[in-house]
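K.L.:
Below is run19.pdb; it holds PDB, C-alpha atoms, pLDDT in the B column.
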```
ATOM      1  CA  MET E  12      16.169  15.283   5.497  1.00 80.00           C
ATOM      2  CA  GLY E  13      16.153  12.371   7.889  1.00 84.00           C
ATOM      3  CA  LYS E  14      15.521   8.712   7.281  1.00 95.00           C
ATOM      4  CA  ILE E  15      12.300   6.772   7.635  1.00 97.00           C
ATOM      5  CA  ILE E  16      13.125   3.922  10.001  1.00 98.00           C
ATOM      6  CA  THR E  17      10.915   1.070  11.132  1.00 97.00           C
ATOM      7  CA  SER E  18      11.737  -0.507  14.485  1.00 98.00           C
ATOM      8  CA  THR E  19      10.150  -3.903  15.006  1.00 96.00           C
ATOM      9  CA  TYR E  20      10.390  -6.613  17.637  1.00 97.00           C
ATOM     10  CA  ALA E  21      10.453 -10.143  16.162  1.00 97.00           C
ATOM     11  CA  THR E  22      10.828 -13.662  17.490  1.00 98.00           C
ATOM     12  CA  LEU E  23      13.447 -16.022  16.065  1.00 97.00           C
ATOM     13  CA  ASP E  24      10.729 -17.647  13.979  1.00 96.00           C
ATOM     14  CA  GLY E  25       9.645 -14.298  12.544  1.00 95.00           C
ATOM     15  CA  PHE E  26       6.505 -13.335  14.470  1.00 96.00           C
ATOM     16  CA  ILE E  27       5.797  -9.784  15.629  1.00 95.00           C
ATOM     17  CA  ASP E  28       2.393  -9.678  17.302  1.00 92.00           C
ATOM     18  CA  ASN E  29       1.862  -9.131  21.020  1.00 91.00           C
ATOM     19  CA  PRO E  30       5.485  -8.312  21.843  1.00 93.00           C
ATOM     20  CA  HIS E  31       4.437  -7.250  25.347  1.00 90.00           C
ATOM     21  CA  LEU E  32       3.863 -10.959  26.065  1.00 94.00           C
ATOM     22  CA  TRP E  33       7.354 -12.141  25.105  1.00 97.00           C
ATOM     23  CA  SER E  34       9.795  -9.218  24.983  1.00 97.00           C
ATOM     24  CA  MET E  35       9.584  -7.518  28.381  1.00 95.00           C
ATOM     25  CA  GLN E  36      11.756 -10.042  30.225  1.00 96.00           C
ATOM     26  CA  TYR E  37      14.658  -9.103  27.936  1.00 97.00           C
ATOM     27  CA  ALA E  38      14.569  -5.364  28.667  1.00 95.00           C
ATOM     28  CA  ASN E  39      17.752  -4.040  30.222  1.00 96.00           C
ATOM     29  CA  ALA E  40      19.782  -0.838  30.450  1.00 95.00           C
ATOM     30  CA  GLU E  41      21.631  -1.553  27.188  1.00 96.00           C
ATOM     31  CA  SER E  42      18.516  -2.022  25.091  1.00 96.00           C
ATOM     32  CA  GLY E  43      16.800   0.863  26.865  1.00 96.00           C
ATOM     33  CA  GLU E  44      19.654   3.205  25.982  1.00 97.00           C
ATOM     34  CA  TYR E  45      19.562   2.019  22.363  1.00 98.00           C
ATOM     35  CA  ALA E  46      15.789   2.546  22.134  1.00 97.00           C
ATOM     36  CA  LEU E  47      16.092   5.981  23.732  1.00 97.00           C
ATOM     37  CA  GLY E  48      18.735   7.000  21.194  1.00 97.00           C
ATOM     38  CA  LEU E  49      16.530   5.817  18.334  1.00 97.00           C
ATOM     39  CA  LEU E  50      13.551   7.741  19.700  1.00 97.00           C
ATOM     40  CA  PHE E  51      15.464  10.958  20.368  1.00 97.00           C
ATOM     41  CA  ALA E  52      16.941  10.894  16.829  1.00 96.00           C
ATOM     42  CA  ALA E  53      13.382  11.035  15.476  1.00 97.00           C
ATOM     43  CA  ASP E  54      11.491  14.232  14.774  1.00 96.00           C
ATOM     44  CA  ALA E  55       8.226  12.289  14.436  1.00 97.00           C
ATOM     45  CA  LEU E  56       6.497   8.942  14.838  1.00 98.00           C
ATOM     46  CA  LEU E  57       4.603   7.506  11.881  1.00 97.00           C
ATOM     47  CA  LEU E  58       2.103   4.846  12.891  1.00 96.00           C
ATOM     48  CA  GLY E  59      -0.392   2.587  11.202  1.00 93.00           C
ATOM     49  CA  ARG E  60      -3.913   2.658  12.579  1.00 92.00           C
ATOM     50  CA  ALA E  61      -3.692  -0.548  14.628  1.00 89.00           C
ATOM     51  CA  THR E  62      -0.379   0.454  16.229  1.00 91.00           C
ATOM     52  CA  TYR E  63      -1.688   3.953  16.887  1.00 94.00           C
ATOM     53  CA  ASP E  64      -4.831   2.641  18.590  1.00 92.00           C
ATOM     54  CA  GLY E  65      -2.811   0.447  20.954  1.00 89.00           C
ATOM     55  CA  MET E  66      -0.206   3.080  21.724  1.00 91.00           C
ATOM     56  CA  ALA E  67      -2.764   5.868  22.179  1.00 93.00           C
ATOM     57  CA  GLN E  68      -4.463   3.816  24.890  1.00 92.00           C
ATOM     58  CA  ALA E  69      -1.278   3.155  26.857  1.00 90.00           C
ATOM     59  CA  TRP E  70       1.189   6.014  26.443  1.00 93.00           C
ATOM     60  CA  PRO E  71      -0.784   9.135  27.421  1.00 92.00           C
ATOM     61  CA  SER E  72      -1.002   7.892  31.011  1.00 92.00           C
ATOM     62  CA  MET E  73       2.766   7.345  31.214  1.00 93.00           C
ATOM     63  CA  SER E  74       5.169  10.113  32.163  1.00 91.00           C
ATOM     64  CA  GLY E  75       8.054  10.983  34.398  1.00 92.00           C
ATOM     65  CA  ASN E  76      10.852   9.339  32.437  1.00 93.00           C
ATOM     66  CA  PRO E  77      12.675  10.573  29.320  1.00 94.00           C
ATOM     67  CA  TYR E  78      11.300   7.818  27.051  1.00 95.00           C
ATOM     68  CA  ALA E  79       7.621   8.238  27.934  1.00 95.00           C
ATOM     69  CA  ASP E  80       7.884  12.018  27.956  1.00 96.00           C
ATOM     70  CA  ARG E  81       9.435  11.984  24.462  1.00 97.00           C
ATOM     71  CA  VAL E  82       6.848   9.542  23.089  1.00 96.00           C
ATOM     72  CA  ASN E  83       4.040  11.748  24.354  1.00 96.00           C
ATOM     73  CA  SER E  84       5.533  15.029  23.144  1.00 96.00           C
ATOM     74  CA  VAL E  85       6.923  14.112  19.718  1.00 97.00           C
ATOM     75  CA  PRO E  86       4.670  14.771  16.695  1.00 97.00           C
ATOM     76  CA  LYS E  87       2.787  11.637  15.705  1.00 97.00           C
ATOM     77  CA  TYR E  88       1.258  10.882  12.314  1.00 97.00           C
ATOM     78  CA  VAL E  89      -1.299   8.114  12.042  1.00 96.00           C
ATOM     79  CA  VAL E  90      -2.204   6.630   8.674  1.00 95.00           C
ATOM     80  CA  SER E  91      -5.887   5.776   8.437  1.00 93.00           C
ATOM     81  CA  SER E  92      -8.766   5.894   6.020  1.00 92.00           C
ATOM     82  CA  THR E  93     -11.359   5.660   8.792  1.00 92.00           C
ATOM     83  CA  LEU E  94     -10.074   7.558  11.837  1.00 91.00           C
ATOM     84  CA  GLU E  95     -11.842  10.905  12.112  1.00 89.00           C
ATOM     85  CA  LYS E  96     -10.057  12.376  15.109  1.00 91.00           C
ATOM     86  CA  ALA E  97      -6.677  11.603  16.675  1.00 92.00           C
ATOM     87  CA  GLU E  98      -6.950  12.170  20.424  1.00 90.00           C
ATOM     88  CA  TRP E  99      -3.340  11.514  21.452  1.00 95.00           C
ATOM     89  CA  ASN E 100      -1.259  14.664  22.036  1.00 92.00           C
ATOM     90  CA  ASN E 101       0.472  16.030  18.893  1.00 95.00           C
ATOM     91  CA  SER E 102      -1.240  13.539  16.563  1.00 96.00           C
ATOM     92  CA  THR E 103      -2.188  14.227  12.961  1.00 95.00           C
ATOM     93  CA  ILE E 104      -4.096  11.936  10.620  1.00 96.00           C
ATOM     94  CA  ILE E 105      -2.708  11.136   7.190  1.00 96.00           C
ATOM     95  CA  HIS E 106      -5.478   9.743   5.028  1.00 93.00           C
ATOM     96  CA  GLY E 107      -4.554   6.347   3.596  1.00 88.00           C
ATOM     97  CA  ASP E 108      -5.209   7.493   0.016  1.00 89.00           C
ATOM     98  CA  ASP E 109      -2.647  10.294   0.474  1.00 91.00           C
ATOM     99  CA  LEU E 110      -0.011   8.160   2.221  1.00 94.00           C
ATOM    100  CA  VAL E 111       2.800   8.259  -0.348  1.00 96.00           C
ATOM    101  CA  THR E 112       2.426  11.949  -1.195  1.00 96.00           C
ATOM    102  CA  GLU E 113       2.072  13.102   2.415  1.00 95.00           C
ATOM    103  CA  VAL E 114       4.921  10.968   3.772  1.00 96.00           C
ATOM    104  CA  ALA E 115       7.215  12.201   0.983  1.00 95.00           C
ATOM    105  CA  LYS E 116       6.360  15.795   1.975  1.00 95.00           C
ATOM    106  CA  LEU E 117       6.865  15.022   5.667  1.00 95.00           C
ATOM    107  CA  ARG E 118      10.234  13.432   4.945  1.00 94.00           C
ATOM    108  CA  GLU E 119      11.367  16.552   3.057  1.00 93.00           C
ATOM    109  CA  ARG E 120      10.120  18.897   5.777  1.00 94.00           C
ATOM    110  CA  LEU E 121      11.687  17.207   8.812  1.00 94.00           C
ATOM    111  CA  ALA E 122      15.420  17.294   9.500  1.00 92.00           C
ATOM    112  CA  GLY E 123      15.462  14.289  11.835  1.00 93.00           C
ATOM    113  CA  ASN E 124      14.311  10.748  11.331  1.00 97.00           C
ATOM    114  CA  ILE E 125      10.748   9.516  11.145  1.00 98.00           C
ATOM    115  CA  LEU E 126      10.305   6.433  13.316  1.00 98.00           C
ATOM    116  CA  ILE E 127       7.738   3.722  12.647  1.00 97.00           C
ATOM    117  CA  TRP E 128       6.938   1.093  15.258  1.00 94.00           C
ATOM    118  CA  GLY E 129       6.129  -2.253  13.671  1.00 87.00           C
ATOM    119  CA  CYS E 130       5.860  -3.706  10.182  1.00 89.00           C
ATOM    120  CA  GLY E 131       2.775  -4.111   8.040  1.00 88.00           C
ATOM    121  CA  ARG E 132       0.883  -2.498   5.204  1.00 89.00           C
ATOM    122  CA  LEU E 133       2.343   0.910   6.033  1.00 93.00           C
ATOM    123  CA  THR E 134       5.968  -0.221   5.817  1.00 94.00           C
ATOM    124  CA  ASP E 135       5.289  -2.421   2.790  1.00 92.00           C
ATOM    125  CA  THR E 136       3.740   0.527   0.926  1.00 93.00           C
ATOM    126  CA  LEU E 137       6.582   2.858   1.856  1.00 94.00           C
ATOM    127  CA  MET E 138       9.156   0.292   0.748  1.00 93.00           C
ATOM    128  CA  GLU E 139       7.345  -0.215  -2.583  1.00 91.00           C
ATOM    129  CA  HIS E 140       7.566   3.536  -3.222  1.00 94.00           C
ATOM    130  CA  GLY E 141      11.200   3.928  -2.156  1.00 93.00           C
ATOM    131  CA  LEU E 142      10.354   5.846   1.021  1.00 95.00           C
ATOM    132  CA  LEU E 143      11.485   3.359   3.669  1.00 96.00           C
ATOM    133  CA  ASP E 144      15.179   3.811   4.423  1.00 96.00           C
ATOM    134  CA  GLU E 145      15.890   1.352   7.193  1.00 97.00           C
ATOM    135  CA  TYR E 146      14.605  -1.667   9.077  1.00 97.00           C
ATOM    136  CA  ARG E 147      15.707  -2.112  12.693  1.00 98.00           C
ATOM    137  CA  ILE E 148      14.654  -5.646  13.520  1.00 98.00           C
ATOM    138  CA  TRP E 149      14.980  -6.472  17.210  1.00 98.00           C
ATOM    139  CA  LEU E 150      15.440 -10.246  17.184  1.00 98.00           C
ATOM    140  CA  TYR E 151      14.429 -11.884  20.479  1.00 98.00           C
ATOM    141  CA  PRO E 152      15.526 -15.363  21.617  1.00 98.00           C
ATOM    142  CA  VAL E 153      11.932 -16.583  21.591  1.00 97.00           C
ATOM    143  CA  VAL E 154      10.113 -19.084  19.357  1.00 97.00           C
ATOM    144  CA  ARG E 155       6.314 -18.699  19.208  1.00 96.00           C
ATOM    145  CA  GLY E 156       5.294 -21.041  16.404  1.00 95.00           C
ATOM    146  CA  GLN E 157       2.420 -18.869  15.226  1.00 95.00           C
ATOM    147  CA  GLY E 158       1.159 -15.328  14.891  1.00 95.00           C
ATOM    148  CA  GLU E 159       1.562 -12.340  12.627  1.00 93.00           C
ATOM    149  CA  ARG E 160       4.647 -12.608  10.429  1.00 93.00           C
ATOM    150  CA  LEU E 161       7.337  -9.935  10.199  1.00 93.00           C
ATOM    151  CA  PHE E 162       6.756  -9.672   6.445  1.00 89.00           C
ATOM    152  CA  ARG E 163       3.415 -10.266   4.787  1.00 87.00           C
ATOM    153  CA  GLU E 164       2.994 -13.011   2.213  1.00 86.00           C
ATOM    154  CA  GLY E 165       3.924 -11.657  -1.196  1.00 86.00           C
ATOM    155  CA  THR E 166       6.369  -9.037   0.151  1.00 86.00           C
ATOM    156  CA  GLU E 167       9.631  -9.128  -1.763  1.00 87.00           C
ATOM    157  CA  ALA E 168      12.805  -7.147  -1.162  1.00 88.00           C
ATOM    158  CA  THR E 169      16.551  -7.427  -1.209  1.00 93.00           C
ATOM    159  CA  LEU E 170      18.077  -5.917   1.906  1.00 95.00           C
ATOM    160  CA  GLU E 171      21.623  -5.075   2.930  1.00 97.00           C
ATOM    161  CA  LEU E 172      22.813  -5.522   6.510  1.00 98.00           C
ATOM    162  CA  THR E 173      24.343  -2.211   7.639  1.00 98.00           C
ATOM    163  CA  ASP E 174      24.746  -2.639  11.394  1.00 98.00           C
ATOM    164  CA  THR E 175      24.180  -4.936  14.353  1.00 98.00           C
ATOM    165  CA  ALA E 176      23.786  -4.305  18.054  1.00 98.00           C
ATOM    166  CA  THR E 177      23.966  -7.172  20.530  1.00 97.00           C
ATOM    167  CA  PHE E 178      22.728  -6.914  24.097  1.00 97.00           C
ATOM    168  CA  GLY E 179      23.652  -9.103  27.057  1.00 96.00           C
ATOM    169  CA  SER E 180      20.040 -10.278  27.257  1.00 97.00           C
ATOM    170  CA  GLY E 181      20.441 -12.180  23.977  1.00 97.00           C
ATOM    171  CA  VAL E 182      18.527  -9.614  21.905  1.00 98.00           C
ATOM    172  CA  VAL E 183      20.162  -8.565  18.645  1.00 98.00           C
ATOM    173  CA  VAL E 184      19.134  -5.533  16.581  1.00 98.00           C
ATOM    174  CA  LEU E 185      19.772  -6.078  12.893  1.00 98.00           C
ATOM    175  CA  THR E 186      19.789  -2.922  10.788  1.00 98.00           C
ATOM    176  CA  TYR E 187      18.975  -3.362   7.113  1.00 97.00           C
ATOM    177  CA  ARG E 188      18.343  -0.984   4.270  1.00 96.00           C
ATOM    178  CA  PRO E 189      16.666  -1.778   0.975  1.00 92.00           C
ATOM    179  CA  ALA E 190      19.438  -2.684  -1.500  1.00 89.00           C
ATOM    180  CA  SER E 191      18.299   0.099  -3.838  1.00 65.00           C
ATOM    181  CA  ALA E 192      18.624   2.770  -1.104  1.00 52.00           C
ATOM    182  CA  GLY E 193      22.177   4.024  -1.636  1.00 50.00           C
TER
END
```
Translate this file's structure into structure tokens.
P.N.:
Amino acid sequence: MGKIITSTYATLDGFIDNPHLWSMQYANAESGEYALGLLFAADALLLGRATYDGMAQAWPSMSGNPYADRVNSVPKYVVSSTLEKAEWNNSTIIHGDDLVTEVAKLRERLAGNILIWGCGRLTDTLMEHGLLDEYRIWLYPVVRGQGERLFREGTEATLELTDTATFGSGVVVLTYRPASAG
């Protein structure tokens, strides 16, 4: 059984929306290798509906490099109560009402990790039910002043820092696990 890991880009002031507008200039070989390792350690992607919609528009047209080829070929699970058909290759819908039960089954069935891109209702729900094993927060040297926060108002947790990775670009990946996750 692998871990359920969320990987999220955040600004220094804790905002996560529209990372394509502020993170791309910090991409380098170091961070690319780290991201590739994270992706290849995953047996599946688990995505919320909004993340899935954005990714499903962009990724299918990308190919020819190990990262894009893996993203497009790996099994993807999208959590939604409204999506009727998942068009992106290897995508399966998990109905929102069945989220906890289905993700617990998926976690038991897969040997590798399950990777989530982003933070939101999906990660909050998984954390509440003891199913989220790790946060990988990519902290960028950017201050935005507004936007969607890393953690929603009302979210509470005690986390333990388990690892850090620092890249020459100034980006730091902080790895945390919920304090109750031995």
K.L.:
Which value, in Å to one decimal, gives the distance between atom CA of Ser91 of chain E and atom CA of Ala168 of chain E?
P.N.:
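Atom CA of Ser91 of chain E sits 24.7 Å away from atom CA of Ala168 of chain E.
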K.L.:
So how far away is atom CA of Ala38 of chain E from atom CA of Ser180 of chain E, in Å?
P.N.:
7.5 Å
K.L.:
For the point (2.9, 1.3, 11.2) in file coordinates, what residues are within 9 Å, counting all atoms listed in the file? Give the answer as a list in words?
P.N.:
Thr17, Leu57, Leu58, Gly59, Arg60, Ala61, Thr62, Tyr63, Val89, Val90, Ile127, Trp128, Gly129, Cys130, Gly131, Arg132, Leu133 and Thr134 of chain E
K.L.:
Kindly save the residues from that selection, with C-alpha atoms included, as a compact mmCIF listing (two decimals), keeping the file's coordinate frame.
P.N.:
```txt
# COMPACT_ATOMS: atom_id res chain seq x y z
CA THR E 17 10.92 1.07 11.13
CA LEU E 57 4.60 7.51 11.88
CA LEU E 58 2.10 4.85 12.89
CA GLY E 59 -0.39 2.59 11.20
CA ARG E 60 -3.91 2.66 12.58
CA ALA E 61 -3.69 -0.55 14.63
CA THR E 62 -0.38 0.45 16.23
CA TYR E 63 -1.69 3.95 16.89
CA VAL E 89 -1.30 8.11 12.04
CA VAL E 90 -2.20 6.63 8.67
CA ILE E 127 7.74 3.72 12.65
CA TRP E 128 6.94 1.09 15.26
CA GLY E 129 6.13 -2.25 13.67
CA CYS E 130 5.86 -3.71 10.18
CA GLY E 131 2.78 -4.11 8.04
CA ARG E 132 0.88 -2.50 5.20
CA LEU E 133 2.34 0.91 6.03
CA THR E 134 5.97 -0.22 5.82
```
K.L.:
Would you compute, for all listed atoms of segment 178-182 of chain E, the axis-aligned bounding box grown by 5 Å on each side, and then report its centre and edge lengths in Å rounded to one decimal, as JSON?
P.N.:
```
{"center_x": 21.1, "center_y": -9.5, "center_z": 24.6, "size_x": 15.1, "size_y": 15.3, "size_z": 15.4}
```
K.L.:
Find, counting all atoms listed in the file, the residue in E:Arg118, E:Arg188, E:Lys14, E:Lys96 that gets nearest to Thr169 of chain E.
P.N.:
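Answer, going by the shortest atom-to-atom distance: E:Arg188.
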K.L.:
Using atom CA of Glu95 of chain E and atom CA of Ile125 of chain E as the two end points, give the distance in Å to one decimal.
P.N.:
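For atom CA of Glu95 of chain E relative to atom CA of Ile125 of chain E, the distance reads 22.7 Å.
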K.L.:
Would you fill out segment 40-59 of chain E with N, CA and C atoms and return it as an mmCIF file, in the frame of the given file?
P.N.:
```cif
data_model
loop_
_atom_site.group_PDB
_atom_site.id
_atom_site.type_symbol
_atom_site.label_atom_id
_atom_site.label_comp_id
_atom_site.auth_asym_id
_atom_site.auth_seq_id
_atom_site.Cartn_x
_atom_site.Cartn_y
_atom_site.Cartn_z
ATOM 1 N N ALA E 40 19.259 -2.194 30.641
ATOM 2 C CA ALA E 40 19.782 -0.838 30.450
ATOM 3 C C ALA E 40 20.358 -0.644 29.056
ATOM 4 N N GLU E 41 21.042 -1.657 28.531
ATOM 5 C CA GLU E 41 21.631 -1.553 27.188
ATOM 6 C C GLU E 41 20.568 -1.309 26.122
ATOM 7 N N SER E 42 19.552 -2.153 26.114
ATOM 8 C CA SER E 42 18.516 -2.022 25.091
ATOM 9 C C SER E 42 17.689 -0.759 25.314
ATOM 10 N N GLY E 43 17.517 -0.377 26.561
ATOM 11 C CA GLY E 43 16.800 0.863 26.865
ATOM 12 C C GLY E 43 17.533 2.083 26.333
ATOM 13 N N GLU E 44 18.848 2.099 26.493
ATOM 14 C CA GLU E 44 19.654 3.205 25.982
ATOM 15 C C GLU E 44 19.602 3.261 24.452
ATOM 16 N N TYR E 45 19.645 2.101 23.821
ATOM 17 C CA TYR E 45 19.562 2.019 22.363
ATOM 18 C C TYR E 45 18.208 2.560 21.880
ATOM 19 N N ALA E 46 17.139 2.101 22.510
ATOM 20 C CA ALA E 46 15.789 2.546 22.134
ATOM 21 C C ALA E 46 15.626 4.045 22.353
ATOM 22 N N LEU E 47 16.170 4.549 23.438
ATOM 23 C CA LEU E 47 16.092 5.981 23.732
ATOM 24 C C LEU E 47 16.826 6.792 22.658
ATOM 25 N N GLY E 48 17.992 6.325 22.248
ATOM 26 C CA GLY E 48 18.735 7.000 21.194
ATOM 27 C C GLY E 48 17.978 7.022 19.885
ATOM 28 N N LEU E 49 17.340 5.909 19.553
ATOM 29 C CA LEU E 49 16.530 5.817 18.334
ATOM 30 C C LEU E 49 15.363 6.792 18.389
ATOM 31 N N LEU E 50 14.693 6.848 19.528
ATOM 32 C CA LEU E 50 13.551 7.741 19.700
ATOM 33 C C LEU E 50 13.959 9.209 19.653
ATOM 34 N N PHE E 51 15.049 9.556 20.325
ATOM 35 C CA PHE E 51 15.464 10.958 20.368
ATOM 36 C C PHE E 51 16.061 11.435 19.048
ATOM 37 N N ALA E 52 16.455 10.516 18.165
ATOM 38 C CA ALA E 52 16.941 10.894 16.829
ATOM 39 C C ALA E 52 15.784 11.152 15.873
ATOM 40 N N ALA E 53 14.569 10.873 16.325
ATOM 41 C CA ALA E 53 13.382 11.035 15.476
ATOM 42 C C ALA E 53 12.693 12.366 15.747
ATOM 43 N N ASP E 54 12.291 13.015 14.673
ATOM 44 C CA ASP E 54 11.491 14.232 14.774
ATOM 45 C C ASP E 54 10.002 13.923 14.795
ATOM 46 N N ALA E 55 9.646 12.664 14.476
ATOM 47 C CA ALA E 55 8.226 12.289 14.436
ATOM 48 C C ALA E 55 8.088 10.775 14.490
ATOM 49 N N LEU E 56 6.906 10.340 14.929
ATOM 50 C CA LEU E 56 6.497 8.942 14.838
ATOM 51 C C LEU E 56 5.467 8.840 13.727
ATOM 52 N N LEU E 57 5.578 7.803 12.922
ATOM 53 C CA LEU E 57 4.603 7.506 11.881
ATOM 54 C C LEU E 57 4.035 6.136 12.206
ATOM 55 N N LEU E 58 2.725 6.073 12.405
ATOM 56 C CA LEU E 58 2.103 4.846 12.891
ATOM 57 C C LEU E 58 0.935 4.427 12.018
ATOM 58 N N GLY E 59 0.811 3.119 11.822
ATOM 59 C CA GLY E 59 -0.392 2.587 11.202
ATOM 60 C C GLY E 59 -1.529 2.669 12.207
#
```
